[in-house]
file start.json (JSON, C-alpha atoms)
[["chain", "number", "residue", "atom", "x", "y", "z"],
["A", 1, "MET", "CA", 2.46, 18.77, -1.98],
["A", 2, "ASP", "CA", -0.21, 18.03, 0.65],
["A", 3, "ALA", "CA", -1.66, 15.21, -1.50],
["A", 4, "PHE", "CA", 1.84, 13.76, -2.01],
["A", 5, "LEU", "CA", 2.68, 13.81, 1.71],
["A", 6, "LEU", "CA", -0.71, 12.47, 2.78],
["A", 7, "SER", "CA", -0.55, 9.66, 0.20],
["A", 8, "PHE", "CA", 3.04, 8.85, 1.12],
["A", 9, "GLY", "CA", 2.22, 8.61, 4.83],
["A", 10, "VAL", "CA", -1.01, 6.65, 4.48],
["A", 11, "ILE", "CA", 0.41, 4.11, 2.04],
["A", 12, "PHE", "CA", 3.68, 3.77, 3.96],
["A", 13, "LEU", "CA", 1.67, 2.89, 7.09],
["A", 14, "ALA", "CA", -0.68, 0.60, 5.15],
["A", 15, "GLU", "CA", 2.26, -1.31, 3.68],
["A", 16, "LEU", "CA", 3.84, -2.07, 7.07],
["A", 17, "GLY", "CA", 3.32, -5.78, 7.67],
["A", 18, "ASP", "CA", 1.41, -6.14, 4.39],
["A", 19, "LYS", "CA", 1.67, -9.25, 2.23],
["A", 20, "SER", "CA", 3.69, -7.47, -0.46],
["A", 21, "GLN", "CA", 6.17, -6.19, 2.13],
["A", 22, "LEU", "CA", 6.61, -9.78, 3.30],
["A", 23, "MET", "CA", 7.14, -10.75, -0.35],
["A", 24, "ALA", "CA", 9.83, -8.07, -0.68],
["A", 25, "MET", "CA", 11.63, -9.51, 2.31],
["A", 26, "THR", "CA", 11.39, -13.01, 0.84],
["A", 27, "PHE", "CA", 12.63, -11.95, -2.59],
["A", 28, "ALA", "CA", 15.52, -10.03, -0.98],
["A", 29, "THR", "CA", 16.82, -13.24, 0.55],
["A", 30, "ARG", "CA", 17.22, -14.71, -2.92],
["A", 31, "TYR", "CA", 17.86, -11.81, -5.34],
["A", 32, "ARG", "CA", 19.92, -8.63, -5.34],
["A", 33, "PRO", "CA", 18.16, -5.91, -3.35],
["A", 34, "LEU", "CA", 18.32, -3.39, -6.23],
["A", 35, "VAL", "CA", 16.59, -5.84, -8.59],
["A", 36, "VAL", "CA", 13.85, -6.42, -6.03],
["A", 37, "LEU", "CA", 13.46, -2.68, -5.43],
["A", 38, "ALA", "CA", 13.32, -1.91, -9.16],
["A", 39, "ALA", "CA", 10.65, -4.56, -9.73],
["A", 40, "VAL", "CA", 8.61, -3.31, -6.77],
["A", 41, "THR", "CA", 8.83, 0.25, -8.07],
["A", 42, "VAL", "CA", 7.66, -0.59, -11.60],
["A", 43, "ALA", "CA", 4.79, -2.79, -10.37],
["A", 44, "THR", "CA", 3.71, -0.15, -7.86],
["A", 45, "LEU", "CA", 3.77, 2.64, -10.45],
["A", 46, "LEU", "CA", 1.43, 0.61, -12.65],
["A", 47, "VAL", "CA", -0.99, -0.54, -9.95],
["A", 48, "HIS", "CA", -1.23, 2.87, -8.33],
["A", 49, "ALA", "CA", -1.74, 4.63, -11.67],
["A", 50, "GLY", "CA", -4.77, 2.41, -12.23],
["A", 51, "SER", "CA", -5.94, 3.02, -8.66],
["A", 52, "VAL", "CA", -5.77, 6.79, -9.10],
["A", 53, "ILE", "CA", -7.75, 6.59, -12.35],
["A", 54, "VAL", "CA", -10.48, 4.55, -10.62],
["A", 55, "GLY", "CA", -10.50, 6.99, -7.70],
["A", 56, "ARG", "CA", -10.84, 10.00, -10.01],
["A", 57, "VAL", "CA", -13.77, 8.37, -11.84],
["A", 58, "PHE", "CA", -15.52, 7.89, -8.50],
["A", 59, "ALA", "CA", -14.76, 11.50, -7.59],
["A", 60, "LEU", "CA", -16.42, 12.76, -10.77],
["A", 61, "ALA", "CA", -19.45, 10.49, -10.46],
["A", 62, "LEU", "CA", -20.34, 10.87, -6.77],
["A", 63, "PRO", "CA", -21.09, 13.84, -4.46],
["A", 64, "ARG", "CA", -18.05, 14.99, -2.46],
["A", 65, "ASP", "CA", -19.72, 14.61, 0.96],
["A", 66, "LEU", "CA", -20.70, 11.03, 0.17],
["A", 67, "ILE", "CA", -17.14, 10.32, -0.98],
["A", 68, "SER", "CA", -15.75, 11.67, 2.30],
["A", 69, "ILE", "CA", -18.07, 9.49, 4.37],
["A", 70, "VAL", "CA", -17.39, 6.36, 2.30],
["A", 71, "ALA", "CA", -13.64, 7.09, 2.35],
["A", 72, "GLY", "CA", -13.79, 7.54, 6.13],
["A", 73, "VAL", "CA", -15.55, 4.21, 6.57],
["A", 74, "ALA", "CA", -13.00, 2.61, 4.23],
["A", 75, "PHE", "CA", -10.17, 3.92, 6.41],
["A", 76, "LEU", "CA", -11.83, 2.40, 9.48],
["A", 77, "VAL", "CA", -11.96, -0.92, 7.60],
["A", 78, "PHE", "CA", -8.26, -0.49, 6.71],
["A", 79, "ALA", "CA", -7.55, -0.01, 10.43],
["A", 80, "ALA", "CA", -9.22, -3.34, 11.24],
["A", 81, "TRP", "CA", -7.44, -5.01, 8.31],
["A", 82, "THR", "CA", -4.11, -3.68, 9.58],
["A", 83, "ILE", "CA", -4.69, -5.10, 13.07],
["A", 84, "ARG", "CA", -5.74, -8.46, 11.58],
["A", 85, "GLY", "CA", -2.54, -8.48, 9.50],
["A", 86, "ASP", "CA", -1.41, -10.27, 6.38],
["A", 87, "GLU", "CA", 0.54, -13.47, 5.90],
["A", 88, "LEU", "CA", 2.16, -15.01, 2.87],
["A", 89, "GLY", "CA", 0.04, -17.82, 1.49],
["A", 90, "GLU", "CA", 1.39, -20.84, -0.33],
["A", 91, "ASP", "CA", 0.82, -19.15, -3.73],
["A", 92, "ASP", "CA", 2.76, -16.07, -2.61],
["A", 93, "GLU", "CA", 5.64, -18.18, -1.30],
["A", 94, "SER", "CA", 5.84, -20.16, -4.54],
["A", 95, "ARG", "CA", 5.92, -16.90, -6.54],
["A", 96, "ALA", "CA", 8.75, -15.70, -4.31],
["A", 97, "ALA", "CA", 10.69, -18.94, -4.83],
["A", 98, "ARG", "CA", 10.62, -18.72, -8.66],
["A", 99, "GLY", "CA", 12.61, -16.27, -10.72],
["A", 100, "GLY", "CA", 15.90, -17.35, -12.19],
["A", 101, "ARG", "CA", 17.15, -15.19, -15.08],
["A", 102, "TRP", "CA", 13.91, -13.27, -15.30],
["A", 103, "ALA", "CA", 13.99, -12.10, -11.68],
["A", 104, "LEU", "CA", 12.88, -8.54, -12.51],
["A", 105, "VAL", "CA", 9.87, -9.76, -14.50],
["A", 106, "THR", "CA", 9.02, -12.48, -11.97],
["A", 107, "ILE", "CA", 9.23, -10.15, -8.98],
["A", 108, "GLY", "CA", 7.38, -7.35, -10.78],
["A", 109, "THR", "CA", 4.60, -9.67, -11.89],
["A", 110, "ALA", "CA", 4.27, -11.19, -8.42],
["A", 111, "PHE", "CA", 4.02, -7.72, -6.87],
["A", 112, "PHE", "CA", 1.55, -6.52, -9.45],
["A", 113, "LEU", "CA", -0.72, -9.52, -8.84],
["A", 114, "ALA", "CA", -0.32, -9.32, -5.05],
["A", 115, "GLU", "CA", -1.38, -5.67, -5.06],
["A", 116, "LEU", "CA", -4.59, -6.17, -7.03],
["A", 117, "GLY", "CA", -7.39, -5.70, -4.49],
["A", 118, "ASP", "CA", -4.90, -5.20, -1.65],
["A", 119, "LYS", "CA", -5.47, -2.57, 1.04],
["A", 120, "THR", "CA", -2.76, -0.29, -0.41],
["A", 121, "MET", "CA", -4.51, -0.33, -3.79],
["A", 122, "LEU", "CA", -7.87, 0.36, -2.15],
["A", 123, "ALA", "CA", -6.35, 3.10, 0.02],
["A", 124, "THR", "CA", -4.86, 4.73, -3.10],
["A", 125, "ILE", "CA", -8.28, 4.66, -4.79],
["A", 126, "THR", "CA", -9.75, 6.24, -1.67],
["A", 127, "LEU", "CA", -7.08, 8.95, -1.52],
["A", 128, "ALA", "CA", -7.52, 9.74, -5.23],
["A", 129, "THR", "CA", -11.21, 10.52, -4.74],
["A", 130, "THR", "CA", -10.40, 13.63, -2.71],
["A", 131, "ASN", "CA", -6.82, 14.60, -3.60],
["A", 132, "GLU", "CA", -4.84, 15.80, -6.62],
["A", 133, "PRO", "CA", -4.27, 12.73, -8.82],
["A", 134, "ILE", "CA", -0.61, 13.03, -9.90],
["A", 135, "ALA", "CA", 0.57, 13.87, -6.39],
["A", 136, "THR", "CA", -1.54, 11.02, -5.02],
["A", 137, "TRP", "CA", -0.04, 8.59, -7.55],
["A", 138, "LEU", "CA", 3.54, 9.66, -6.88],
["A", 139, "GLY", "CA", 3.06, 9.90, -3.11],
["A", 140, "SER", "CA", 1.38, 6.51, -2.81],
["A", 141, "THR", "CA", 4.05, 4.92, -5.00],
["A", 142, "ALA", "CA", 6.86, 6.53, -2.99],
["A", 143, "GLY", "CA", 5.25, 5.45, 0.29],
["A", 144, "MET", "CA", 4.93, 1.86, -0.81],
["A", 145, "VAL", "CA", 8.42, 1.68, -2.28],
["A", 146, "ALA", "CA", 9.87, 3.23, 0.89],
["A", 147, "ALA", "CA", 8.08, 0.67, 3.10],
["A", 148, "ASP", "CA", 9.22, -2.18, 0.86],
["A", 149, "ALA", "CA", 12.76, -0.80, 0.77],
["A", 150, "LEU", "CA", 12.68, -0.90, 4.55],
["A", 151, "ALA", "CA", 11.68, -4.57, 4.37],
["A", 152, "ILE", "CA", 14.40, -5.31, 1.84],
["A", 153, "GLY", "CA", 17.17, -3.45, 3.67],
["A", 154, "VAL", "CA", 16.35, -3.96, 7.31],
["A", 155, "GLY", "CA", 13.97, -6.90, 7.38],
["A", 156, "ALA", "CA", 16.58, -9.61, 7.00],
["A", 157, "VAL", "CA", 18.74, -8.13, 9.76],
["A", 158, "LEU", "CA", 16.12, -7.06, 12.29],
["A", 159, "GLY", "CA", 13.14, -9.18, 11.25],
["A", 160, "SER", "CA", 12.80, -10.98, 14.55],
["A", 161, "ARG", "CA", 13.41, -7.83, 16.64],
["A", 162, "LEU", "CA", 10.88, -5.46, 15.06],
["A", 163, "PRO", "CA", 7.85, -4.98, 17.34],
["A", 164, "GLU", "CA", 5.28, -6.10, 14.76],
["A", 165, "ARG", "CA", 2.31, -5.63, 17.12],
["A", 166, "ALA", "CA", 3.33, -2.04, 17.95],
["A", 167, "ILE", "CA", 3.74, -1.21, 14.24],
["A", 168, "LYS", "CA", 0.28, -2.63, 13.48],
["A", 169, "VAL", "CA", -1.34, -0.70, 16.33],
["A", 170, "PHE", "CA", 0.30, 2.57, 15.26],
["A", 171, "ALA", "CA", -0.75, 2.10, 11.62],
["A", 172, "ALA", "CA", -4.31, 1.13, 12.62],
["A", 173, "ALA", "CA", -4.59, 4.17, 14.91],
["A", 174, "ALA", "CA", -3.52, 6.44, 12.04],
["A", 175, "PHE", "CA", -6.22, 4.90, 9.82],
["A", 176, "VAL", "CA", -8.84, 5.47, 12.54],
["A", 177, "VAL", "CA", -7.85, 9.14, 12.86],
["A", 178, "PHE", "CA", -7.94, 9.68, 9.07],
["A", 179, "GLY", "CA", -11.25, 7.81, 8.85],
["A", 180, "LEU", "CA", -12.94, 9.80, 11.60],
["A", 181, "LEU", "CA", -11.71, 13.08, 10.11],
["A", 182, "LEU", "CA", -13.09, 12.16, 6.69],
["A", 183, "ILE", "CA", -16.46, 11.13, 8.15],
["A", 184, "ALA", "CA", -16.64, 14.38, 10.16],
["A", 185, "GLU", "CA", -15.81, 16.35, 7.00],
["A", 186, "GLY", "CA", -18.46, 14.50, 4.98],
["A", 187, "LEU", "CA", -21.08, 15.17, 7.65],
["A", 188, "GLY", "CA", -20.15, 18.86, 7.71],
["A", 189, "PHE", "CA", -18.60, 18.98, 11.18],
["A", 190, "ILE", "CA", -15.24, 20.21, 9.85],
["A", 191, "GLY", "CA", -13.82, 21.64, 6.68]]

call {"tool": "encode", "arguments": {"input": "start.json", "output": "structure tokens"}}
result
Amino acid sequence: MDAFLLSFGVIFLAELGDKSQLMAMTFATRYRPLVVLAAVTVATLLVHAGSVIVGRVFALALPRDLISIVAGVAFLVFAAWTIRGDELGEDDESRAARGGRWALVTIGTAFFLAELGDKTMLATITLATTNEPIATWLGSTAGMVAADALAIGVGAVLGSRLPERAIKVFAAAAFVVFGLLLIAEGLGFIG
């Protein structure tokens, strides 16, 4: 349960203001929200399953203290990435504009491709190196789907009123705390 809750929280925060959350908002303006949410869920299940597998391979191949230090540094990088923010590029906007009859496939494919190498994928890999894999997979998937559901449901109504800077600062601060704790654990100061 700890791995599920940690993964849920970290990925939920990482997804706030992320490119794929912006894509969810864009798709929701054109397609039924449940279709968008279903496509996001399927794509996220697939990407995060692969991320957990990669993370577990690293966990088996590398010493645990080294993993904690590298994971901590990665979380500090995620904090900086969160502050920098994401924007939809022209390719992302064109993917969001297409769809037609195959909306579920189009949206799912766009999300799958957008997540490859994204900070939520990398954060899931990082979490999987030190946490139970199934709980990490389900927690990270639930966190991402919840954040994207927020974008789908609330984004269109409150998009201009949400304090984007405050959300980014809060998410970045959480990454810094997690990163410093992991580094301290890897160096033997805690744990």

call {"tool": "closest_atom_pairs", "arguments": {"input": "start.json", "of": "range 13-68 of chain A", "to": "range 108-112 of chain A", "cutoff": "12 Å", "atoms": "all atoms listed in the file", "output": "Markdown table"}}
result
| residue | atom | partner | partner_atom | distance |
| --- | --- | --- | --- | --- |
| A:Asp18 | CA | A:Phe111 | CA | 11.7 |
| A:Lys19 | CA | A:Phe111 | CA | 9.5 |
| A:Ser20 | CA | A:Phe111 | CA | 6.4 |
| A:Gln21 | CA | A:Phe111 | CA | 9.4 |
| A:Leu22 | CA | A:Phe111 | CA | 10.7 |
| A:Met23 | CA | A:Phe111 | CA | 7.8 |
| A:Ala24 | CA | A:Phe111 | CA | 8.5 |
| A:Thr26 | CA | A:Ala110 | CA | 11.8 |
| A:Phe27 | CA | A:Ala110 | CA | 10.2 |
| A:Val35 | CA | A:Gly108 | CA | 9.6 |
| A:Val36 | CA | A:Gly108 | CA | 8.1 |
| A:Leu37 | CA | A:Gly108 | CA | 9.3 |
| A:Ala38 | CA | A:Gly108 | CA | 8.2 |
| A:Ala39 | CA | A:Gly108 | CA | 4.4 |
| A:Val40 | CA | A:Gly108 | CA | 5.8 |
| A:Thr41 | CA | A:Gly108 | CA | 8.2 |
| A:Val42 | CA | A:Gly108 | CA | 6.8 |
| A:Ala43 | CA | A:Phe112 | CA | 5.0 |
| A:Thr44 | CA | A:Phe112 | CA | 6.9 |
| A:Leu45 | CA | A:Phe112 | CA | 9.5 |
| A:Leu46 | CA | A:Phe112 | CA | 7.8 |
| A:Val47 | CA | A:Phe112 | CA | 6.5 |
| A:His48 | CA | A:Phe112 | CA | 9.9 |
| A:Ala49 | CA | A:Phe112 | CA | 11.8 |
| A:Gly50 | CA | A:Phe112 | CA | 11.3 |

call {"tool": "atom_distance", "arguments": {"input": "start.json", "atom1": "CA of Gly143 in chain A", "atom2": "CA of Gly9 in chain A"}}
result
6.3 Å

call {"tool": "atom_distance", "arguments": {"input": "start.json", "atom1": "CA of Leu182 in chain A", "atom2": "CA of Thr126 in chain A"}}
result
10.8 Å

call {"tool": "closest_residue", "arguments": {"input": "start.json", "among": "A:Ile190, A:Leu5, A:Ala128, A:Ala28", "to": "Ile152 in chain A", "atoms": "all atoms listed in the file"}}
result
A:Ala28

call {"tool": "residues_around", "arguments": {"input": "start.json", "residues": "Ala142 in chain A", "least_positions_apart": "3", "cutoff": "9 Å", "atoms": "only C-alpha atoms", "output": "PyMOL selection string"}}
result
chain A and resi 4+7-8+11-12+41+44-45+137-139+145-147

call {"tool": "residues_near_point", "arguments": {"input": "start.json", "point": "(-2.7, 18.8, -3.0)", "cutoff": "10 Å", "atoms": "all atoms listed in the file", "output": "PyMOL selection string"}}
result
chain A and resi 1-7+130-136

call {"tool": "write_last_selection", "arguments": {"input": "start.json", "atoms": "C-alpha atoms", "output": "PDB file, in the coordinates of the input"}}
result
ATOM      1  CA  MET A   1       2.460  18.770  -1.980  1.00  0.00           C
ATOM      2  CA  ASP A   2      -0.210  18.030   0.650  1.00  0.00           C
ATOM      3  CA  ALA A   3      -1.660  15.210  -1.500  1.00  0.00           C
ATOM      4  CA  PHE A   4       1.840  13.760  -2.010  1.00  0.00           C
ATOM      5  CA  LEU A   5       2.680  13.810   1.710  1.00  0.00           C
ATOM      6  CA  LEU A   6      -0.710  12.470   2.780  1.00  0.00           C
ATOM      7  CA  SER A   7      -0.550   9.660   0.200  1.00  0.00           C
ATOM      8  CA  THR A 130     -10.400  13.630  -2.710  1.00  0.00           C
ATOM      9  CA  ASN A 131      -6.820  14.600  -3.600  1.00  0.00           C
ATOM     10  CA  GLU A 132      -4.840  15.800  -6.620  1.00  0.00           C
ATOM     11  CA  PRO A 133      -4.270  12.730  -8.820  1.00  0.00           C
ATOM     12  CA  ILE A 134      -0.610  13.030  -9.900  1.00  0.00           C
ATOM     13  CA  ALA A 135       0.570  13.870  -6.390  1.00  0.00           C
ATOM     14  CA  THR A 136      -1.540  11.020  -5.020  1.00  0.00           C
TER      15      THR A 136
END

call {"tool": "residues_near_point", "arguments": {"input": "start.json", "point": "(-11.7, 5.2, 10.8)", "cutoff": "6 Å", "atoms": "all atoms listed in the file", "output": "CSV table (one decimal) with C-alpha atoms, in the frame of the given file"}}
result
chain,number,residue,atom,x,y,z
A,72,GLY,CA,-13.8,7.5,6.1
A,73,VAL,CA,-15.6,4.2,6.6
A,75,PHE,CA,-10.2,3.9,6.4
A,76,LEU,CA,-11.8,2.4,9.5
A,175,PHE,CA,-6.2,4.9,9.8
A,176,VAL,CA,-8.8,5.5,12.5
A,177,VAL,CA,-7.8,9.1,12.9
A,179,GLY,CA,-11.2,7.8,8.8
A,180,LEU,CA,-12.9,9.8,11.6

call {"tool": "closest_residue", "arguments": {"input": "start.json", "among": "A:Ile83, A:Leu34, A:Ala71, A:Leu150", "to": "Thr129 in chain A", "atoms": "only C-alpha atoms"}}
result
A:Ala71

call {"tool": "atom_distance", "arguments": {"input": "start.json", "atom1": "CA of Met121 in chain A", "atom2": "CA of Val52 in chain A"}}
result
9.0 Å
